[in-house]
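*Asks:* What follows is start_7.tsv; its format and atoms are TSV, C-alpha atoms.
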```tsv
chain	number	residue	atom	x	y	z
A	7	MET	CA	-1.66	8.40	-32.50
A	8	THR	CA	-2.88	6.20	-29.65
A	9	ASN	CA	0.66	5.89	-28.23
A	10	HIS	CA	1.09	9.67	-28.26
A	11	TYR	CA	-2.21	10.11	-26.43
A	12	GLN	CA	-1.28	7.49	-23.81
A	13	CYS	CA	2.08	9.20	-23.19
A	14	ALA	CA	0.39	12.58	-22.79
A	15	CYS	CA	-2.05	11.13	-20.26
A	16	ALA	CA	0.70	9.45	-18.26
A	17	THR	CA	2.65	12.70	-18.17
A	18	ARG	CA	-0.43	14.65	-17.08
A	19	ARG	CA	-1.17	12.07	-14.34
A	20	GLN	CA	2.42	12.20	-13.15
A	21	LEU	CA	2.38	15.99	-13.00
A	22	LEU	CA	-0.90	16.03	-11.09
A	23	GLY	CA	0.34	13.33	-8.71
A	24	TRP	CA	3.60	15.16	-8.07
A	25	ALA	CA	1.72	18.41	-7.55
A	26	ALA	CA	-0.45	16.67	-4.95
A	27	LEU	CA	2.63	15.32	-3.19
A	28	ALA	CA	4.35	18.71	-3.32
A	29	SER	CA	1.34	20.33	-1.69
A	30	LEU	CA	1.31	17.67	1.02
A	31	GLY	CA	4.08	19.42	2.93
A	32	THR	CA	2.14	22.68	2.86
A	33	LEU	CA	-1.12	21.01	3.82
A	34	THR	CA	0.51	19.11	6.67
A	35	GLY	CA	2.03	22.31	7.99
A	36	LEU	CA	-1.28	24.13	7.77
A	37	ALA	CA	-3.09	21.25	9.42
A	38	GLY	CA	-0.66	21.44	12.32
A	39	CYS	CA	-1.43	25.14	12.74
A	40	SER	CA	-5.18	24.64	12.65
A	41	GLN	CA	-4.91	21.76	15.08
A	42	ALA	CA	-2.99	23.95	17.53
A	43	ASP	CA	-5.48	26.77	17.06
A	44	ASN	CA	-8.75	24.95	17.54
A	45	GLY	CA	-7.93	21.32	18.39
A	46	THR	CA	-10.92	20.09	16.36
A	47	GLN	CA	-9.23	17.05	14.88
A	48	SER	CA	-6.35	14.92	16.09
A	49	LEU	CA	-3.99	14.08	13.27
A	50	LYS	CA	-2.21	11.34	15.20
A	51	PRO	CA	-2.10	7.84	13.70
A	52	VAL	CA	-4.76	5.37	14.79
A	53	GLU	CA	-3.87	1.76	15.60
A	54	ILE	CA	-5.53	-0.90	13.47
A	55	ASP	CA	-7.63	-3.67	14.99
A	56	ARG	CA	-9.24	-6.87	13.69
A	57	THR	CA	-12.03	-4.87	12.00
A	58	THR	CA	-9.94	-2.17	10.26
A	59	SER	CA	-10.45	-2.43	6.52
A	60	CYS	CA	-8.74	-1.03	3.46
A	61	GLU	CA	-10.28	2.01	1.79
A	62	LEU	CA	-9.75	0.60	-1.70
A	63	ASP	CA	-10.79	-3.03	-1.47
A	64	GLY	CA	-12.30	-3.67	1.97
A	65	MET	CA	-9.64	-6.22	2.93
A	66	LEU	CA	-9.02	-6.55	6.68
A	67	LEU	CA	-5.59	-5.10	7.40
A	68	ALA	CA	-4.80	-7.44	10.31
A	69	ASP	CA	-5.14	-10.51	8.04
A	70	TYR	CA	-2.12	-9.70	5.85
A	71	PRO	CA	1.64	-9.21	6.17
A	72	GLY	CA	3.66	-6.16	5.24
A	73	PRO	CA	3.48	-2.44	6.01
A	74	LYS	CA	0.13	-0.70	6.29
A	75	ALA	CA	-0.66	2.96	5.77
A	76	GLN	CA	-3.19	5.57	6.78
A	77	VAL	CA	-4.04	9.01	5.46
A	78	ARG	CA	-5.82	11.84	7.19
A	79	PHE	CA	-7.91	13.59	4.54
A	80	ALA	CA	-9.38	17.00	5.31
A	81	GLY	CA	-13.01	16.83	6.37
A	82	GLN	CA	-12.90	13.20	7.53
A	83	ASP	CA	-13.15	12.20	11.19
A	84	LYS	CA	-11.24	8.95	10.74
A	85	PRO	CA	-8.19	8.07	8.68
A	86	ALA	CA	-8.41	6.16	5.42
A	87	PHE	CA	-6.49	2.91	5.83
A	88	PHE	CA	-4.55	1.01	3.18
A	89	CYS	CA	-3.52	-2.65	3.50
A	90	ASP	CA	-0.44	-2.02	1.39
A	91	THR	CA	1.99	0.85	0.77
A	92	VAL	CA	1.63	0.37	-2.99
A	93	GLU	CA	-2.08	1.18	-2.64
A	94	LEU	CA	-1.20	4.24	-0.56
A	95	PHE	CA	1.12	5.65	-3.22
A	96	SER	CA	-1.22	4.68	-6.04
A	97	THR	CA	-3.98	6.69	-4.35
A	98	LEU	CA	-1.81	9.71	-3.55
A	99	LEU	CA	-0.28	9.83	-7.02
A	100	ALA	CA	-3.55	9.33	-8.92
A	101	GLY	CA	-4.38	12.28	-11.13
A	102	GLU	CA	-7.98	12.14	-9.98
A	103	GLN	CA	-6.99	12.44	-6.30
A	104	VAL	CA	-8.59	15.71	-5.20
A	105	ARG	CA	-8.99	15.25	-1.44
A	106	ALA	CA	-6.70	17.45	0.64
A	107	VAL	CA	-4.16	15.37	2.54
A	108	GLN	CA	-3.41	16.46	6.10
A	109	ALA	CA	-1.12	13.62	7.23
A	110	VAL	CA	0.29	10.32	5.98
A	111	TYR	CA	1.49	7.50	8.22
A	112	VAL	CA	3.21	4.21	7.42
A	113	GLN	CA	4.64	1.51	9.64
A	114	ASP	CA	8.35	1.38	10.41
A	115	MET	CA	9.25	-2.11	9.24
A	116	GLY	CA	12.62	-1.79	10.94
A	117	LYS	CA	10.69	-2.26	14.19
A	118	ALA	CA	7.36	-3.88	13.26
A	119	ASP	CA	6.96	-7.62	12.63
A	120	TRP	CA	6.56	-8.03	8.84
A	121	ASN	CA	4.17	-10.96	9.20
A	122	ALA	CA	1.85	-9.28	11.72
A	123	PRO	CA	2.67	-5.57	11.86
A	124	GLN	CA	1.23	-3.57	14.74
A	125	GLY	CA	2.07	-0.03	15.79
A	126	HIS	CA	5.35	1.70	14.96
A	127	TRP	CA	3.58	4.42	12.93
A	128	ILE	CA	5.86	7.06	11.41
A	129	ASP	CA	5.41	10.14	9.25
A	130	GLY	CA	5.03	8.76	5.74
A	131	LYS	CA	6.55	11.85	4.16
A	132	ALA	CA	9.74	11.48	6.20
A	133	ALA	CA	10.01	7.68	5.76
A	134	LEU	CA	12.39	5.85	3.47
A	135	TYR	CA	10.98	3.28	1.07
A	136	VAL	CA	12.42	0.15	-0.53
A	137	VAL	CA	10.88	-0.25	-3.98
A	138	GLY	CA	11.33	-3.45	-5.98
A	139	GLY	CA	12.04	-5.80	-3.08
A	140	LYS	CA	10.95	-9.44	-2.95
A	141	ARG	CA	8.92	-9.31	0.29
A	142	HIS	CA	5.18	-9.52	-0.17
A	143	GLY	CA	2.36	-7.60	1.47
A	144	SER	CA	-1.37	-8.02	1.10
A	145	MET	CA	-1.38	-7.62	-2.68
A	146	GLY	CA	1.93	-9.28	-3.60
A	147	PRO	CA	5.24	-7.43	-3.89
A	148	THR	CA	5.08	-4.25	-1.84
A	149	ILE	CA	7.15	-1.25	-0.81
A	150	GLY	CA	8.90	-1.53	2.54
A	151	SER	CA	8.71	1.57	4.75
A	152	PHE	CA	11.40	2.52	7.26
A	153	ALA	CA	12.28	5.30	9.69
A	154	GLN	CA	16.03	4.69	9.57
A	155	GLU	CA	18.19	4.56	6.45
A	156	ALA	CA	20.30	1.74	7.93
A	157	ASP	CA	17.17	-0.43	8.29
A	158	ALA	CA	16.09	0.35	4.72
A	159	GLN	CA	19.56	-0.45	3.35
A	160	LYS	CA	19.70	-3.73	5.31
A	161	PHE	CA	16.26	-4.70	3.94
A	162	ALA	CA	17.32	-3.84	0.36
A	163	ALA	CA	20.52	-5.88	0.74
A	164	GLU	CA	18.55	-8.91	1.94
A	165	TYR	CA	15.41	-8.71	-0.24
A	166	GLY	CA	16.47	-6.53	-3.16
A	167	GLY	CA	15.10	-3.18	-4.24
A	168	LYS	CA	16.18	0.42	-4.17
A	169	VAL	CA	15.93	2.84	-1.25
A	170	LEU	CA	13.95	5.98	-2.14
A	171	ARG	CA	12.49	8.98	-0.37
A	172	PHE	CA	8.75	9.75	-0.42
A	173	ALA	CA	8.96	12.25	-3.30
A	174	GLU	CA	11.04	9.85	-5.43
A	175	VAL	CA	8.28	7.22	-5.73
A	176	THR	CA	6.63	7.60	-9.14
A	177	PRO	CA	3.23	6.53	-10.50
A	178	ALA	CA	4.89	3.90	-12.72
A	179	MET	CA	6.26	2.18	-9.59
A	180	VAL	CA	2.79	1.81	-8.05
A	181	ASP	CA	0.57	1.02	-11.03
A	182	LEU	CA	-2.30	-1.13	-9.74
A	183	SER	CA	-3.86	-1.74	-13.15
A	184	GLY	CA	-3.54	-5.18	-14.59
A	185	GLY	CA	-5.37	-7.72	-16.62
A	186	ALA	CA	-6.15	-6.75	-20.19
A	187	LEU	CA	-4.26	-3.46	-19.94
A	188	HIS	CA	-0.95	-5.31	-19.63
A	189	ASP	CA	-1.73	-8.46	-21.60
A	190	THR	CA	0.01	-8.00	-24.92
A	191	ARG	CA	-1.26	-11.36	-26.22
A	192	MET	CA	-4.81	-10.05	-26.67
```
Let me see the structure of the file written as structure tokens.

*Replies:*
Amino acid sequence: MTNHYQCACATRRQLLGWAALASLGTLTGLAGCSQADNGTQSLKPVEIDRTTSCELDGMLLADYPGPKAQVRFAGQDKPAFFCDTVELFSTLLAGEQVRAVQAVYVQDMGKADWNAPQGHWIDGKAALYVVGGKRHGSMGPTIGSFAQEADAQKFAAEYGGKVLRFAEVTPAMVDLSGGALHDTRM
């Protein structure tokens, strides 16, 4: 019975996460219209500095390698930053994610320096992602983000992984839980 319940919850979370991602395109389009109409909030990406910290864990983004991300949530003056693309997807795909997303940005690792990425922000929804590669970010293995398919394929050939589009990344690929939940020896 417990296994059936766990499967039902995972399916529900996946459906809610995918619904949130599906609505992202609509929300982004609407945000663009409202921005043009009243100009109240710029949805452009913001560059990180030495004090920019991660929304989830407070880590300083500039202290770690790998692609960073930022999300513009409706009703917030500043973007929410993530020190890792896995954390970005985990947040966006979480079933409990209820904040309206206006824009998502990731760094183009085809242009940015992996060890000290600065700038090169691209639309996260249009980016290509390499999932399952061997390069590490702030929290260990991470998902490489790229503007060009050739750069993503080159990265995957060198470091492993599979090239996916934004909507193809699933909750199972970005599960941040650990510890006792995955320790079968307990």

*Asks:* Might you pull out every residue within 6 Å of region 158-173 of chain A, with all atoms listed in the file counted and same-chain residues fewer than 5 positions away left off, and present them as a ChimeraX atom specification?

*Replies:* /A:131,134-140,152

*Asks:* Report the distance between CA of Asp119 (chain A) and CA of Tyr70 (chain A) in Å, rounded to one decimal place.

*Replies:*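 Taking CA of Asp119 (chain A) as the start and CA of Tyr70 (chain A) as the end point, the length is 11.5 Å.
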
*Asks:* Using Å and a single decimal, report how far CA of Asp90 (chain A) sits from CA of Pro73 (chain A).

*Replies:*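 Pair CA of Pro73 (chain A) / CA of Asp90 (chain A) returns 6.1 Å.
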
*Asks:* Rank nothing, just name the residue among A:Ala178, A:Ala75, A:Ala100, A:Ile54 nearest to Ala133 (chain A), using all atoms listed in the file.

*Replies:*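 Of A:Ala178, A:Ala75, A:Ala100, A:Ile54, the one nearest Ala133 (chain A), counting all atoms listed in the file, is A:Ala75.
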
*Asks:* Quick one: of A:Ala86, A:Met179, A:Met145, A:Val107, who's nearest to Thr58 (chain A), counting all atoms listed in the file?

*Replies:* A:Ala86

*Asks:* Expressed in Å to a single decimal, how great is the separation between CA of Trp127 (chain A) and CA of Val52 (chain A)?

*Replies:*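 The value is 8.6 Å.
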
*Asks:* Can you list, as number ranges by chain, every protein, DNA or RNA residue that comes within 12 Å of Gly125 (chain A) when you count all atoms listed in the file, leaving out same-chain residues fewer than 2 positions away?

*Replies:* A: 51-55, 68, 73-76, 111-120, 122-123, 127-128

*Asks:* Would you compute, for all listed atoms of region 172-185 of chain A, the axis-aligned bounding box grown by 4 Å on each side, and then report its centre and edge lengths in Å rounded to one decimal, as JSON?

*Replies:*
```
{"center_x": 2.8, "center_y": 2.3, "center_z": -8.5, "size_x": 24.4, "size_y": 28.0, "size_z": 24.2}
```

*Asks:* Which is closest to Gln108 (chain A) among A:Cys60, A:Leu49, A:Cys89, A:Met65, if we use all atoms listed in the file?

*Replies:*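 Among the listed residues, A:Leu49 lies closest to Gln108 (chain A).
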
*Asks:* Tell me which of A:Val104, A:Ala132, A:Ser96, A:Ile149 sits closest to Ser183 (chain A), counting only C-alpha atoms.

*Replies:*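 Using only C-alpha atoms, the shortest distance to Ser183 (chain A) belongs to A:Ser96.
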
*Asks:* Write out N, CA and C atoms for region 139-155 of chain A, as a PDB file, in the frame of the given file.

*Replies:*
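Everything below was put into out.pdb:
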```
ATOM      1  N   GLY A 139      11.590  -4.678  -3.902  1.00  0.00           N
ATOM      2  CA  GLY A 139      12.040  -5.800  -3.080  1.00  0.00           C
ATOM      3  C   GLY A 139      11.178  -7.033  -3.294  1.00  0.00           C
ATOM      4  N   LYS A 140      11.632  -8.162  -2.758  1.00  0.00           N
ATOM      5  CA  LYS A 140      10.950  -9.440  -2.950  1.00  0.00           C
ATOM      6  C   LYS A 140       9.941  -9.776  -1.858  1.00  0.00           C
ATOM      7  N   ARG A 141       9.875  -9.011  -0.786  1.00  0.00           N
ATOM      8  CA  ARG A 141       8.920  -9.310   0.290  1.00  0.00           C
ATOM      9  C   ARG A 141       7.512  -8.935  -0.170  1.00  0.00           C
ATOM     10  N   HIS A 142       6.562  -9.741   0.240  1.00  0.00           N
ATOM     11  CA  HIS A 142       5.180  -9.520  -0.170  1.00  0.00           C
ATOM     12  C   HIS A 142       4.356  -8.923   0.963  1.00  0.00           C
ATOM     13  N   GLY A 143       3.367  -8.133   0.560  1.00  0.00           N
ATOM     14  CA  GLY A 143       2.360  -7.600   1.470  1.00  0.00           C
ATOM     15  C   GLY A 143       1.027  -8.205   1.108  1.00  0.00           C
ATOM     16  N   SER A 144      -0.027  -7.487   1.337  1.00  0.00           N
ATOM     17  CA  SER A 144      -1.370  -8.020   1.100  1.00  0.00           C
ATOM     18  C   SER A 144      -1.676  -8.272  -0.367  1.00  0.00           C
ATOM     19  N   MET A 145      -1.061  -7.515  -1.257  1.00  0.00           N
ATOM     20  CA  MET A 145      -1.380  -7.620  -2.680  1.00  0.00           C
ATOM     21  C   MET A 145      -0.195  -8.118  -3.513  1.00  0.00           C
ATOM     22  N   GLY A 146       0.741  -8.816  -2.884  1.00  0.00           N
ATOM     23  CA  GLY A 146       1.930  -9.280  -3.600  1.00  0.00           C
ATOM     24  C   GLY A 146       3.120  -8.410  -3.245  1.00  0.00           C
ATOM     25  N   PRO A 147       4.076  -8.251  -4.191  1.00  0.00           N
ATOM     26  CA  PRO A 147       5.240  -7.430  -3.890  1.00  0.00           C
ATOM     27  C   PRO A 147       4.809  -6.033  -3.425  1.00  0.00           C
ATOM     28  N   THR A 148       5.470  -5.544  -2.383  1.00  0.00           N
ATOM     29  CA  THR A 148       5.080  -4.250  -1.840  1.00  0.00           C
ATOM     30  C   THR A 148       6.306  -3.379  -1.599  1.00  0.00           C
ATOM     31  N   ILE A 149       6.088  -2.210  -1.100  1.00  0.00           N
ATOM     32  CA  ILE A 149       7.150  -1.250  -0.810  1.00  0.00           C
ATOM     33  C   ILE A 149       7.363  -1.228   0.696  1.00  0.00           C
ATOM     34  N   GLY A 150       8.571  -1.576   1.126  1.00  0.00           N
ATOM     35  CA  GLY A 150       8.900  -1.530   2.540  1.00  0.00           C
ATOM     36  C   GLY A 150       9.070  -0.099   3.006  1.00  0.00           C
ATOM     37  N   SER A 151       8.601   0.213   4.198  1.00  0.00           N
ATOM     38  CA  SER A 151       8.710   1.570   4.750  1.00  0.00           C
ATOM     39  C   SER A 151       9.554   1.531   6.022  1.00  0.00           C
ATOM     40  N   PHE A 152      10.440   2.518   6.159  1.00  0.00           N
ATOM     41  CA  PHE A 152      11.400   2.520   7.260  1.00  0.00           C
ATOM     42  C   PHE A 152      11.658   3.933   7.773  1.00  0.00           C
ATOM     43  N   ALA A 153      11.928   4.028   9.080  1.00  0.00           N
ATOM     44  CA  ALA A 153      12.280   5.300   9.690  1.00  0.00           C
ATOM     45  C   ALA A 153      13.772   5.589   9.558  1.00  0.00           C
ATOM     46  N   GLN A 154      14.576   4.538   9.586  1.00  0.00           N
ATOM     47  CA  GLN A 154      16.030   4.690   9.570  1.00  0.00           C
ATOM     48  C   GLN A 154      16.616   4.184   8.252  1.00  0.00           C
ATOM     49  N   GLU A 155      17.558   4.952   7.703  1.00  0.00           N
ATOM     50  CA  GLU A 155      18.190   4.560   6.450  1.00  0.00           C
ATOM     51  C   GLU A 155      18.938   3.233   6.581  1.00  0.00           C
TER      52      GLU A 155
END
```
